[in-house]
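**Q** If it helps, the file is called start_27.txt and holds compact mmCIF, C-alpha atoms:
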```txt
# COMPACT_ATOMS: atom_id res chain seq x y z
CA MET A 1 1.81 5.08 23.37
CA THR A 2 -1.60 4.65 21.77
CA GLN A 3 -1.43 2.53 18.65
CA PRO A 4 -3.70 2.89 15.61
CA VAL A 5 -6.74 0.62 15.55
CA TYR A 6 -6.85 -1.67 12.53
CA ASP A 7 -9.71 -3.96 11.56
CA PHE A 8 -8.72 -7.07 9.63
CA SER A 9 -11.90 -9.00 10.42
CA GLU A 10 -12.65 -11.62 7.76
CA ARG A 11 -9.20 -11.05 6.25
CA VAL A 12 -6.75 -13.89 5.74
CA VAL A 13 -3.05 -13.32 6.34
CA VAL A 14 -0.02 -15.54 5.73
CA VAL A 15 3.17 -14.80 7.70
CA THR A 16 6.33 -16.71 6.81
CA GLY A 17 8.81 -17.36 9.61
CA GLY A 18 5.96 -16.72 12.00
CA SER A 19 6.88 -18.89 14.97
CA ARG A 20 9.23 -16.58 16.88
CA GLY A 21 10.79 -13.12 17.09
CA VAL A 22 9.55 -10.57 14.60
CA GLY A 23 7.37 -13.12 12.86
CA ALA A 24 5.53 -14.03 16.05
CA ALA A 25 4.91 -10.32 16.75
CA ILE A 26 3.47 -9.87 13.26
CA VAL A 27 1.20 -12.88 13.74
CA ALA A 28 0.02 -11.55 17.12
CA ALA A 29 -0.67 -8.08 15.73
CA PHE A 30 -2.79 -9.32 12.83
CA ALA A 31 -4.63 -11.81 15.06
CA ALA A 32 -5.40 -9.03 17.55
CA ALA A 33 -6.80 -7.00 14.66
CA GLY A 34 -9.23 -9.81 13.86
CA ALA A 35 -7.42 -11.54 10.99
CA ARG A 36 -7.37 -15.25 10.35
CA VAL A 37 -3.66 -15.99 10.25
CA VAL A 38 -1.59 -18.79 8.76
CA ALA A 39 2.03 -18.93 9.96
CA CYS A 40 4.76 -21.16 8.63
CA GLY A 41 8.26 -22.23 9.58
CA ARG A 42 10.70 -25.04 8.98
CA HIS A 43 10.10 -26.67 12.37
CA GLU A 44 6.82 -27.74 13.91
CA ALA A 45 5.52 -25.13 16.36
CA GLU A 46 2.47 -23.96 18.23
CA VAL A 47 1.76 -20.33 17.36
CA GLU A 48 -0.95 -18.60 19.31
CA GLY A 49 -3.53 -16.99 17.07
CA ALA A 50 -2.51 -18.83 13.93
CA LEU A 51 -2.84 -22.02 11.96
CA PHE A 52 0.72 -23.32 11.64
CA VAL A 53 2.11 -25.05 8.55
CA THR A 54 5.53 -26.69 8.53
CA ALA A 55 7.29 -25.59 5.35
CA ASP A 56 10.62 -24.54 3.90
CA VAL A 57 9.66 -21.59 1.73
CA ARG A 58 13.01 -21.73 -0.07
CA LYS A 59 11.32 -24.55 -1.98
CA PRO A 60 8.74 -23.29 -4.50
CA ALA A 61 6.48 -26.28 -3.86
CA ASP A 62 6.42 -25.53 -0.12
CA ALA A 63 5.67 -21.87 -0.73
CA GLU A 64 2.76 -22.87 -2.93
CA ARG A 65 1.54 -25.35 -0.33
CA VAL A 66 1.40 -22.70 2.41
CA VAL A 67 -0.76 -20.44 0.26
CA ALA A 68 -2.94 -23.38 -0.77
CA LYS A 69 -3.45 -24.28 2.90
CA ALA A 70 -4.64 -20.76 3.66
CA VAL A 71 -7.14 -20.87 0.80
CA GLU A 72 -8.23 -24.39 1.75
CA HIS A 73 -9.00 -23.37 5.34
CA PHE A 74 -10.26 -19.83 4.88
CA GLY A 75 -11.30 -19.50 1.24
CA ARG A 76 -9.11 -16.56 0.27
CA LEU A 77 -5.83 -14.72 0.87
CA ASP A 78 -5.66 -10.99 1.51
CA VAL A 79 -2.18 -10.35 2.93
CA LEU A 80 1.19 -12.04 2.61
CA VAL A 81 4.02 -10.98 4.91
CA ASN A 82 7.36 -12.33 3.70
CA ASN A 83 9.16 -12.30 7.03
CA ALA A 84 11.32 -15.46 6.92
CA GLY A 85 14.97 -14.48 6.64
CA GLY A 86 18.26 -13.97 8.40
CA ALA A 87 21.84 -15.22 8.23
CA PRO A 88 24.72 -15.98 10.60
CA HIS A 89 27.80 -13.75 10.58
CA ALA A 90 30.29 -14.59 7.83
CA MET A 91 33.00 -12.50 6.20
CA ALA A 92 32.79 -12.47 2.41
CA ALA A 93 36.22 -14.02 1.86
CA ASP A 94 35.24 -17.05 3.93
CA ALA A 95 31.65 -17.60 2.77
CA SER A 96 31.26 -20.90 0.94
CA PRO A 97 29.12 -21.26 -2.20
CA ARG A 98 26.66 -23.43 -0.26
CA PHE A 99 26.35 -20.79 2.48
CA VAL A 100 25.79 -17.96 -0.01
CA GLU A 101 23.19 -19.94 -1.95
CA ALA A 102 21.30 -20.73 1.25
CA VAL A 103 21.30 -17.10 2.39
CA VAL A 104 20.17 -15.74 -0.97
CA GLY A 105 17.59 -18.52 -1.24
CA LEU A 106 15.99 -17.62 2.09
CA ASN A 107 16.16 -13.84 1.88
CA LEU A 108 15.43 -13.20 -1.80
CA LEU A 109 14.18 -16.27 -3.65
CA ALA A 110 11.77 -17.49 -0.96
CA PRO A 111 9.88 -14.16 -0.91
CA LEU A 112 9.57 -14.38 -4.69
CA TRP A 113 8.22 -17.94 -4.59
CA CYS A 114 5.68 -16.97 -1.92
CA ALA A 115 4.70 -13.80 -3.75
CA GLN A 116 4.14 -15.70 -6.99
CA SER A 117 1.87 -18.17 -5.22
CA ALA A 118 -0.01 -15.40 -3.43
CA HIS A 119 -0.45 -13.46 -6.66
CA LYS A 120 -2.25 -16.38 -8.29
CA VAL A 121 -4.92 -16.08 -5.61
CA MET A 122 -5.01 -12.33 -5.07
CA SER A 123 -5.07 -11.41 -8.75
CA VAL A 124 -8.46 -13.07 -9.27
CA GLN A 125 -10.06 -11.67 -6.11
CA GLU A 126 -12.30 -8.66 -6.63
CA ASP A 127 -10.44 -6.67 -3.96
CA GLY A 128 -6.97 -8.02 -4.77
CA GLY A 129 -4.49 -8.19 -1.93
CA ALA A 130 -1.35 -6.79 -0.34
CA ILE A 131 2.17 -8.18 0.03
CA VAL A 132 4.66 -6.87 2.59
CA ASN A 133 8.31 -7.90 2.33
CA ILE A 134 10.52 -7.63 5.40
CA SER A 135 13.95 -6.34 4.40
CA SER A 136 16.78 -4.76 6.39
CA VAL A 137 18.96 -1.69 6.47
CA SER A 138 21.72 -4.20 5.64
CA GLY A 139 20.40 -3.95 2.09
CA LEU A 140 20.80 -0.17 2.07
CA ARG A 141 24.31 0.30 3.49
CA PRO A 142 27.58 -1.63 3.67
CA SER A 143 27.15 -4.71 5.84
CA PRO A 144 30.51 -6.24 6.82
CA GLY A 145 30.03 -9.81 7.93
CA ALA A 146 26.72 -10.03 6.11
CA SER A 147 27.58 -9.54 2.44
CA ALA A 148 25.27 -12.21 1.01
CA TYR A 149 22.48 -11.20 3.38
CA GLY A 150 22.82 -7.51 2.55
CA ALA A 151 22.92 -8.19 -1.18
CA ALA A 152 19.84 -10.39 -0.94
CA LYS A 153 17.94 -7.76 1.05
CA ALA A 154 18.93 -5.09 -1.48
CA GLY A 155 17.51 -7.37 -4.14
CA LEU A 156 14.31 -7.70 -2.12
CA VAL A 157 13.84 -3.93 -2.09
CA ASN A 158 14.18 -3.89 -5.89
CA LEU A 159 11.90 -6.92 -6.25
CA THR A 160 9.28 -5.07 -4.23
CA ALA A 161 9.30 -2.08 -6.56
CA THR A 162 9.22 -4.27 -9.66
CA LEU A 163 6.33 -6.46 -8.50
CA ALA A 164 4.40 -3.35 -7.49
CA VAL A 165 4.52 -2.22 -11.11
CA GLU A 166 3.90 -5.61 -12.69
CA TRP A 167 0.98 -6.53 -10.44
CA ALA A 168 -0.77 -3.16 -10.19
CA PRO A 169 -3.52 -2.26 -9.72
CA THR A 170 -4.79 -5.52 -8.21
CA VAL A 171 -1.98 -6.35 -5.77
CA ARG A 172 -0.07 -3.78 -3.74
CA VAL A 173 3.52 -4.69 -2.86
CA ASN A 174 5.56 -2.84 -0.23
CA CYS A 175 8.65 -3.35 1.89
CA VAL A 176 9.77 -2.67 5.46
CA SER A 177 13.53 -2.24 5.91
CA ALA A 178 14.16 -2.76 9.60
CA GLY A 179 17.13 -1.33 11.47
CA LEU A 180 18.62 -2.44 14.79
CA LEU A 181 16.09 -4.57 16.68
CA ASP A 182 15.95 -5.79 20.24
CA THR A 183 14.48 -9.25 19.75
CA GLY A 184 15.17 -10.43 23.29
CA ALA A 185 18.56 -12.00 22.57
CA GLY A 186 20.11 -9.85 25.29
CA ASP A 187 23.43 -8.06 25.73
CA GLU A 188 25.56 -11.04 24.71
CA PHE A 189 24.27 -10.84 21.15
CA TYR A 190 25.56 -7.28 20.97
CA GLY A 191 29.03 -7.74 22.41
CA GLY A 192 28.55 -8.52 26.08
CA PRO A 193 27.45 -6.50 29.14
CA GLY A 194 25.93 -3.15 28.20
CA GLY A 195 25.71 -4.16 24.55
CA LEU A 196 22.07 -3.18 24.09
CA GLU A 197 22.65 0.21 25.69
CA ARG A 198 25.67 0.88 23.47
CA MET A 199 23.77 -0.08 20.33
CA ALA A 200 20.77 2.03 21.33
CA ALA A 201 23.06 5.03 21.76
CA THR A 202 23.90 4.92 18.05
CA VAL A 203 20.24 5.49 17.11
CA PRO A 204 18.93 9.08 17.02
CA LEU A 205 15.62 8.10 18.65
CA GLY A 206 17.61 6.71 21.56
CA ARG A 207 16.38 3.13 21.47
CA MET A 208 16.48 0.04 19.35
CA GLY A 209 13.44 -1.09 17.44
CA THR A 210 11.18 -3.88 18.66
CA PRO A 211 9.37 -6.70 16.87
CA ASP A 212 6.12 -4.85 17.55
CA ASP A 213 7.45 -1.77 15.74
CA VAL A 214 7.84 -3.95 12.64
CA ALA A 215 4.41 -5.52 13.19
CA GLN A 216 2.73 -2.11 13.36
CA ALA A 217 4.39 -1.09 10.09
CA CYS A 218 3.04 -4.27 8.48
CA LEU A 219 -0.47 -3.54 9.74
CA TYR A 220 -0.33 -0.08 8.21
CA LEU A 221 0.98 -1.21 4.82
CA ALA A 222 -1.64 -3.96 4.61
CA SER A 223 -4.50 -1.68 5.71
CA PRO A 224 -6.92 0.47 3.68
CA GLY A 225 -5.04 3.46 5.10
CA ALA A 226 -2.21 2.56 2.71
CA ALA A 227 -4.50 2.08 -0.28
CA TYR A 228 -2.36 4.39 -2.44
CA VAL A 229 0.97 3.04 -1.16
CA SER A 230 2.67 0.52 -3.43
CA GLY A 231 6.29 -0.02 -4.38
CA ALA A 232 7.38 1.78 -1.22
CA ASN A 233 10.21 0.91 1.14
CA LEU A 234 9.40 2.01 4.68
CA VAL A 235 12.77 2.41 6.40
CA LEU A 236 12.15 1.62 10.06
CA HIS A 237 15.40 2.55 11.79
CA GLY A 238 14.74 5.25 14.37
CA GLY A 239 16.51 7.91 12.31
CA GLY A 240 19.39 5.70 11.25
CA GLU A 241 22.81 6.23 12.80
CA TRP A 242 24.52 9.33 14.13
CA PRO A 243 26.87 10.59 11.37
CA ALA A 244 30.47 9.57 12.05
CA PHE A 245 31.71 13.16 11.64
CA LEU A 246 29.66 14.25 14.65
CA ARG A 247 31.38 11.68 16.83
CA ALA A 248 34.78 12.67 15.46
CA GLN A 249 33.94 16.32 16.07
CA GLY A 250 32.97 15.57 19.67
CA GLU A 251 36.15 13.59 20.29
CA ALA A 252 38.20 16.41 18.85
```
I need this file expressed as structure tokens, please.
**A**
Amino acid sequence: MTQPVYDFSERVVVVTGGSRGVGAAIVAAFAAAGARVVACGRHEAEVEGALFVTADVRKPADAERVVAKAVEHFGRLDVLVNNAGGAPHAMAADASPRFVEAVVGLNLLAPLWCAQSAHKVMSVQEDGGAIVNISSVSGLRPSPGASAYGAAKAGLVNLTATLAVEWAPTVRVNCVSAGLLDTGAGDEFYGGPGGLERMAATVPLGRMGTPDDVAQACLYLASPGAAYVSGANLVLHGGGEWPAFLRAQGEA
């Protein structure tokens, strides 16, 4: 499939959680489009196409340091992609306070700290900037085994809309809510042999999403083609899930 051509030459992009998975795909997509990219993560890494900064963006000082490093090296900041996130499976009744705080800190507070730091730079640039938050369909529907994660992602969708109003017209803020993704973890991650195929069968488009699908959405939202898009939540889920009544009807 032919993908749109984006030109981010002379643009500076920060991608949090950019060393692997979806984050690495986002870094690669912006680098291929000509951007100068700064990626960050908690563990030292070599990321092709990016300057890497070791940082824990749950800490406001680290979030500020990542943005400062981008400005120090490249003189400006045009795009922030808040990608760092995730959480292990945990039922709500068993989730400890420490676990919940860590999950909310990474998936909701860290994007806010990074956005605040980015805003300080973008708000005084003549052409402003764009922020893209990576959320999840877990924030839009019940998410058993991921209650803290889903609640944090729901908060991120709301934060996106609020910042878009507060920071207009200089800084555009949008969100991508990703659905089921095949990140290369394999069948075992989805319940053993045939797991990927079974999960894909629940999606109307007949396949799971890929990290590059998310990356392409980020390119669009950060591009001039989305100049009038702010406060939006792009739900990237292949049509969602087949309604349960259809399955029940078929079984009947």
**Q** Where does region 126-155 of chain A meet region 169-175 of chain A within 9 Å, residue by residue, with the nearest atom pair and distance in Å to one decimal for each, counting all atoms listed in the file, listed by chain and rising number, as JSON lines?
**A**
```
{"residue": "A:Glu126", "atom": "CA", "partner": "A:Thr170", "partner_atom": "CA", "distance": 8.3}
{"residue": "A:Asp127", "atom": "CA", "partner": "A:Thr170", "partner_atom": "CA", "distance": 7.2}
{"residue": "A:Gly128", "atom": "CA", "partner": "A:Thr170", "partner_atom": "CA", "distance": 4.8}
{"residue": "A:Gly129", "atom": "CA", "partner": "A:Val171", "partner_atom": "CA", "distance": 4.9}
{"residue": "A:Ala130", "atom": "CA", "partner": "A:Arg172", "partner_atom": "CA", "distance": 4.7}
{"residue": "A:Ile131", "atom": "CA", "partner": "A:Val173", "partner_atom": "CA", "distance": 4.7}
{"residue": "A:Val132", "atom": "CA", "partner": "A:Asn174", "partner_atom": "CA", "distance": 5.0}
{"residue": "A:Asn133", "atom": "CA", "partner": "A:Cys175", "partner_atom": "CA", "distance": 4.6}
{"residue": "A:Ile134", "atom": "CA", "partner": "A:Cys175", "partner_atom": "CA", "distance": 5.8}
{"residue": "A:Ser135", "atom": "CA", "partner": "A:Cys175", "partner_atom": "CA", "distance": 6.6}
```
**Q** Need the shell around region 59-70 of chain A: protein/DNA/RNA residues with any atom at most 8 Å away, counting only C-alpha atoms. Skip same-chain ones fewer than 4 positions apart. Format as a list in words?
**A**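 Listing them by chain and then by number gives Val12, Val14, Val38, Cys40, Val53, Ala55, Phe74, Gly75, Arg76, Leu77, Ala110, Trp113, Cys114, Ser117 and Ala118 of chain A.
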**Q** So what do you get for CA of Gly195 (chain A) versus CA of Ala87 (chain A), distance-wise?
**A**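 Here the two named atoms are 20.1 Å from each other.
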**Q** Taking into account only C-alpha atoms, which residue in the set A:Gln116, A:Glu101, A:Glu197, A:Leu219 is nearest to Ala32 (chain A)?
**A**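 The closest residue to Ala32 (chain A) is A:Leu219.
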**Q** Determine the nearest neighbour of Ala25 (chain A) from the options A:Gly231, A:Gly179, A:Pro211, A:Gly155, counting all atoms listed in the file.
**A**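 For Ala25 (chain A), the nearest of the candidates is A:Pro211.
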**Q** Anything within 12 Å of (8.1, -4.1, 13.3): list those residues as a short mmCIF file (atom, residue, chain, number, x, y, z; two decimals) with C-alpha atoms, in the coordinates of the input, counting only C-alpha atoms and sticking to the file's coordinates.
**A**
```cif
data_model
loop_
_atom_site.label_atom_id
_atom_site.label_comp_id
_atom_site.auth_asym_id
_atom_site.auth_seq_id
_atom_site.Cartn_x
_atom_site.Cartn_y
_atom_site.Cartn_z
CA GLY A 21 10.79 -13.12 17.09
CA VAL A 22 9.55 -10.57 14.60
CA GLY A 23 7.37 -13.12 12.86
CA ALA A 24 5.53 -14.03 16.05
CA ALA A 25 4.91 -10.32 16.75
CA ILE A 26 3.47 -9.87 13.26
CA VAL A 27 1.20 -12.88 13.74
CA ALA A 28 0.02 -11.55 17.12
CA ALA A 29 -0.67 -8.08 15.73
CA VAL A 81 4.02 -10.98 4.91
CA ASN A 83 9.16 -12.30 7.03
CA VAL A 132 4.66 -6.87 2.59
CA ASN A 133 8.31 -7.90 2.33
CA ILE A 134 10.52 -7.63 5.40
CA SER A 135 13.95 -6.34 4.40
CA SER A 136 16.78 -4.76 6.39
CA CYS A 175 8.65 -3.35 1.89
CA VAL A 176 9.77 -2.67 5.46
CA SER A 177 13.53 -2.24 5.91
CA ALA A 178 14.16 -2.76 9.60
CA GLY A 179 17.13 -1.33 11.47
CA LEU A 180 18.62 -2.44 14.79
CA LEU A 181 16.09 -4.57 16.68
CA ASP A 182 15.95 -5.79 20.24
CA THR A 183 14.48 -9.25 19.75
CA MET A 208 16.48 0.04 19.35
CA GLY A 209 13.44 -1.09 17.44
CA THR A 210 11.18 -3.88 18.66
CA PRO A 211 9.37 -6.70 16.87
CA ASP A 212 6.12 -4.85 17.55
CA ASP A 213 7.45 -1.77 15.74
CA VAL A 214 7.84 -3.95 12.64
CA ALA A 215 4.41 -5.52 13.19
CA GLN A 216 2.73 -2.11 13.36
CA ALA A 217 4.39 -1.09 10.09
CA CYS A 218 3.04 -4.27 8.48
CA LEU A 219 -0.47 -3.54 9.74
CA TYR A 220 -0.33 -0.08 8.21
CA LEU A 221 0.98 -1.21 4.82
CA LEU A 234 9.40 2.01 4.68
CA VAL A 235 12.77 2.41 6.40
CA LEU A 236 12.15 1.62 10.06
CA HIS A 237 15.40 2.55 11.79
CA GLY A 238 14.74 5.25 14.37
#
```
**Q** CA of Ala84 (chain A) and CA of Gly41 (chain A), how far apart in Å?
**A** 7.9 Å
**Q** Report the distance between CA of Ala35 (chain A) and CA of Val13 (chain A) in Å, rounded to one decimal place.
**A**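 CA of Ala35 (chain A) sits 6.6 Å away from CA of Val13 (chain A).
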**Q** Got a sec: who's within 12 Å of region 244-250 of chain A, counting all atoms listed in the file, leaving out chain neighbours fewer than 2 positions off, as a list of chain:residue names?
**A**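 Close residues of region 244-250 of chain A: A:Ala201, A:Thr202, A:Gly240, A:Glu241, A:Trp242, A:Ala252.
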**Q** Pick the closest to Glu72 (chain A) from A:Val121, A:Val165, A:Pro144, A:Val15: which is it, counting all atoms listed in the file?
**A** A:Val121
**Q** Rank A:Ala161, A:Ala154, A:Ala222, A:Ala148 by their smallest atom-to-atom distance to Ser96 (chain A), using only C-alpha atoms, and report the top residue only.
**A**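 When distances to Ser96 (chain A) are compared using only C-alpha atoms, the smallest one comes from A:Ala148.
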**Q** Tell me which of A:Pro243, A:Pro88, A:Gly49, A:Gly17 sits closest to Gly150 (chain A), counting all atoms listed in the file.
**A**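 Of the candidates, the smallest distance to Gly150 (chain A) is held by A:Pro88.
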**Q** Find, counting all atoms listed in the file, the residue in A:Thr54, A:Val71, A:Ala45, A:Asp7 that gets nearest to Gln125 (chain A).
**A**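 For Gln125 (chain A), the nearest of the candidates is A:Val71.
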**Q** Since the input has fewer atoms than a full residue there, write region 29-64 of chain A out with N, CA and C atoms, as a compact mmCIF listing (two decimals), keeping the file's coordinate frame.
**A**
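Output saved as result_16.txt:
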```txt
# COMPACT_ATOMS: atom_id res chain seq x y z
N ALA A 29 -0.06 -9.36 16.07
CA ALA A 29 -0.67 -8.08 15.73
C ALA A 29 -1.85 -8.26 14.78
N PHE A 30 -1.69 -9.10 13.76
CA PHE A 30 -2.79 -9.32 12.83
C PHE A 30 -3.93 -10.08 13.50
N ALA A 31 -3.59 -11.06 14.36
CA ALA A 31 -4.63 -11.81 15.06
C ALA A 31 -5.43 -10.89 15.97
N ALA A 32 -4.73 -9.98 16.66
CA ALA A 32 -5.40 -9.03 17.55
C ALA A 32 -6.31 -8.09 16.78
N ALA A 33 -5.98 -7.87 15.50
CA ALA A 33 -6.80 -7.00 14.66
C ALA A 33 -7.94 -7.77 13.98
N GLY A 34 -8.09 -9.04 14.35
CA GLY A 34 -9.23 -9.81 13.86
C GLY A 34 -8.97 -10.70 12.67
N ALA A 35 -7.72 -10.74 12.19
CA ALA A 35 -7.42 -11.54 10.99
C ALA A 35 -7.38 -13.02 11.31
N ARG A 36 -7.61 -13.81 10.28
CA ARG A 36 -7.37 -15.25 10.35
C ARG A 36 -5.98 -15.47 9.77
N VAL A 37 -5.08 -15.98 10.59
CA VAL A 37 -3.66 -15.99 10.25
C VAL A 37 -3.15 -17.41 10.04
N VAL A 38 -2.34 -17.56 9.00
CA VAL A 38 -1.59 -18.79 8.76
C VAL A 38 -0.11 -18.44 8.89
N ALA A 39 0.59 -19.14 9.78
CA ALA A 39 2.03 -18.93 9.96
C ALA A 39 2.75 -20.18 9.49
N CYS A 40 3.98 -20.00 9.04
CA CYS A 40 4.76 -21.16 8.63
C CYS A 40 6.19 -21.03 9.11
N GLY A 41 6.86 -22.17 9.19
CA GLY A 41 8.26 -22.23 9.58
C GLY A 41 8.78 -23.62 9.27
N ARG A 42 10.10 -23.77 9.34
CA ARG A 42 10.70 -25.04 8.98
C ARG A 42 10.51 -26.12 10.03
N HIS A 43 10.25 -25.70 11.28
CA HIS A 43 10.10 -26.67 12.37
C HIS A 43 8.72 -26.56 12.98
N GLU A 44 8.16 -27.69 13.33
CA GLU A 44 6.82 -27.74 13.91
C GLU A 44 6.76 -26.82 15.14
N ALA A 45 5.67 -26.07 15.25
CA ALA A 45 5.52 -25.13 16.36
C ALA A 45 4.05 -24.86 16.63
N GLU A 46 3.79 -24.45 17.86
CA GLU A 46 2.47 -23.96 18.23
C GLU A 46 2.53 -22.45 18.27
N VAL A 47 1.75 -21.79 17.42
CA VAL A 47 1.76 -20.33 17.36
C VAL A 47 0.39 -19.82 17.73
N GLU A 48 0.33 -19.12 18.84
CA GLU A 48 -0.95 -18.60 19.31
C GLU A 48 -1.56 -17.66 18.29
N GLY A 49 -2.82 -17.87 17.99
CA GLY A 49 -3.53 -16.99 17.07
C GLY A 49 -3.36 -17.34 15.61
N ALA A 50 -2.75 -18.49 15.32
CA ALA A 50 -2.51 -18.83 13.93
C ALA A 50 -2.60 -20.32 13.68
N LEU A 51 -2.97 -20.66 12.47
CA LEU A 51 -2.84 -22.02 11.96
C LEU A 51 -1.41 -22.17 11.49
N PHE A 52 -0.68 -23.17 11.99
CA PHE A 52 0.72 -23.32 11.64
C PHE A 52 0.91 -24.41 10.59
N VAL A 53 1.76 -24.10 9.61
CA VAL A 53 2.11 -25.05 8.55
C VAL A 53 3.62 -25.21 8.53
N THR A 54 4.10 -26.44 8.62
CA THR A 54 5.53 -26.69 8.53
C THR A 54 5.94 -26.64 7.06
N ALA A 55 6.88 -25.76 6.74
CA ALA A 55 7.29 -25.59 5.35
C ALA A 55 8.64 -24.90 5.27
N ASP A 56 9.37 -25.22 4.22
CA ASP A 56 10.62 -24.54 3.90
C ASP A 56 10.36 -23.71 2.66
N VAL A 57 10.10 -22.43 2.84
CA VAL A 57 9.66 -21.59 1.73
C VAL A 57 10.77 -21.30 0.71
N ARG A 58 11.98 -21.80 0.97
CA ARG A 58 13.01 -21.73 -0.07
C ARG A 58 12.67 -22.68 -1.22
N LYS A 59 11.76 -23.60 -0.96
CA LYS A 59 11.32 -24.55 -1.98
C LYS A 59 10.00 -24.06 -2.58
N PRO A 60 9.96 -23.81 -3.88
CA PRO A 60 8.74 -23.29 -4.50
C PRO A 60 7.49 -24.12 -4.19
N ALA A 61 7.64 -25.43 -4.14
CA ALA A 61 6.48 -26.28 -3.86
C ALA A 61 5.95 -26.04 -2.45
N ASP A 62 6.85 -25.82 -1.48
CA ASP A 62 6.42 -25.53 -0.12
C ASP A 62 5.75 -24.17 -0.01
N ALA A 63 6.29 -23.21 -0.72
CA ALA A 63 5.67 -21.87 -0.73
C ALA A 63 4.25 -21.95 -1.28
N GLU A 64 4.08 -22.71 -2.33
CA GLU A 64 2.76 -22.87 -2.93
C GLU A 64 1.81 -23.61 -1.98
```
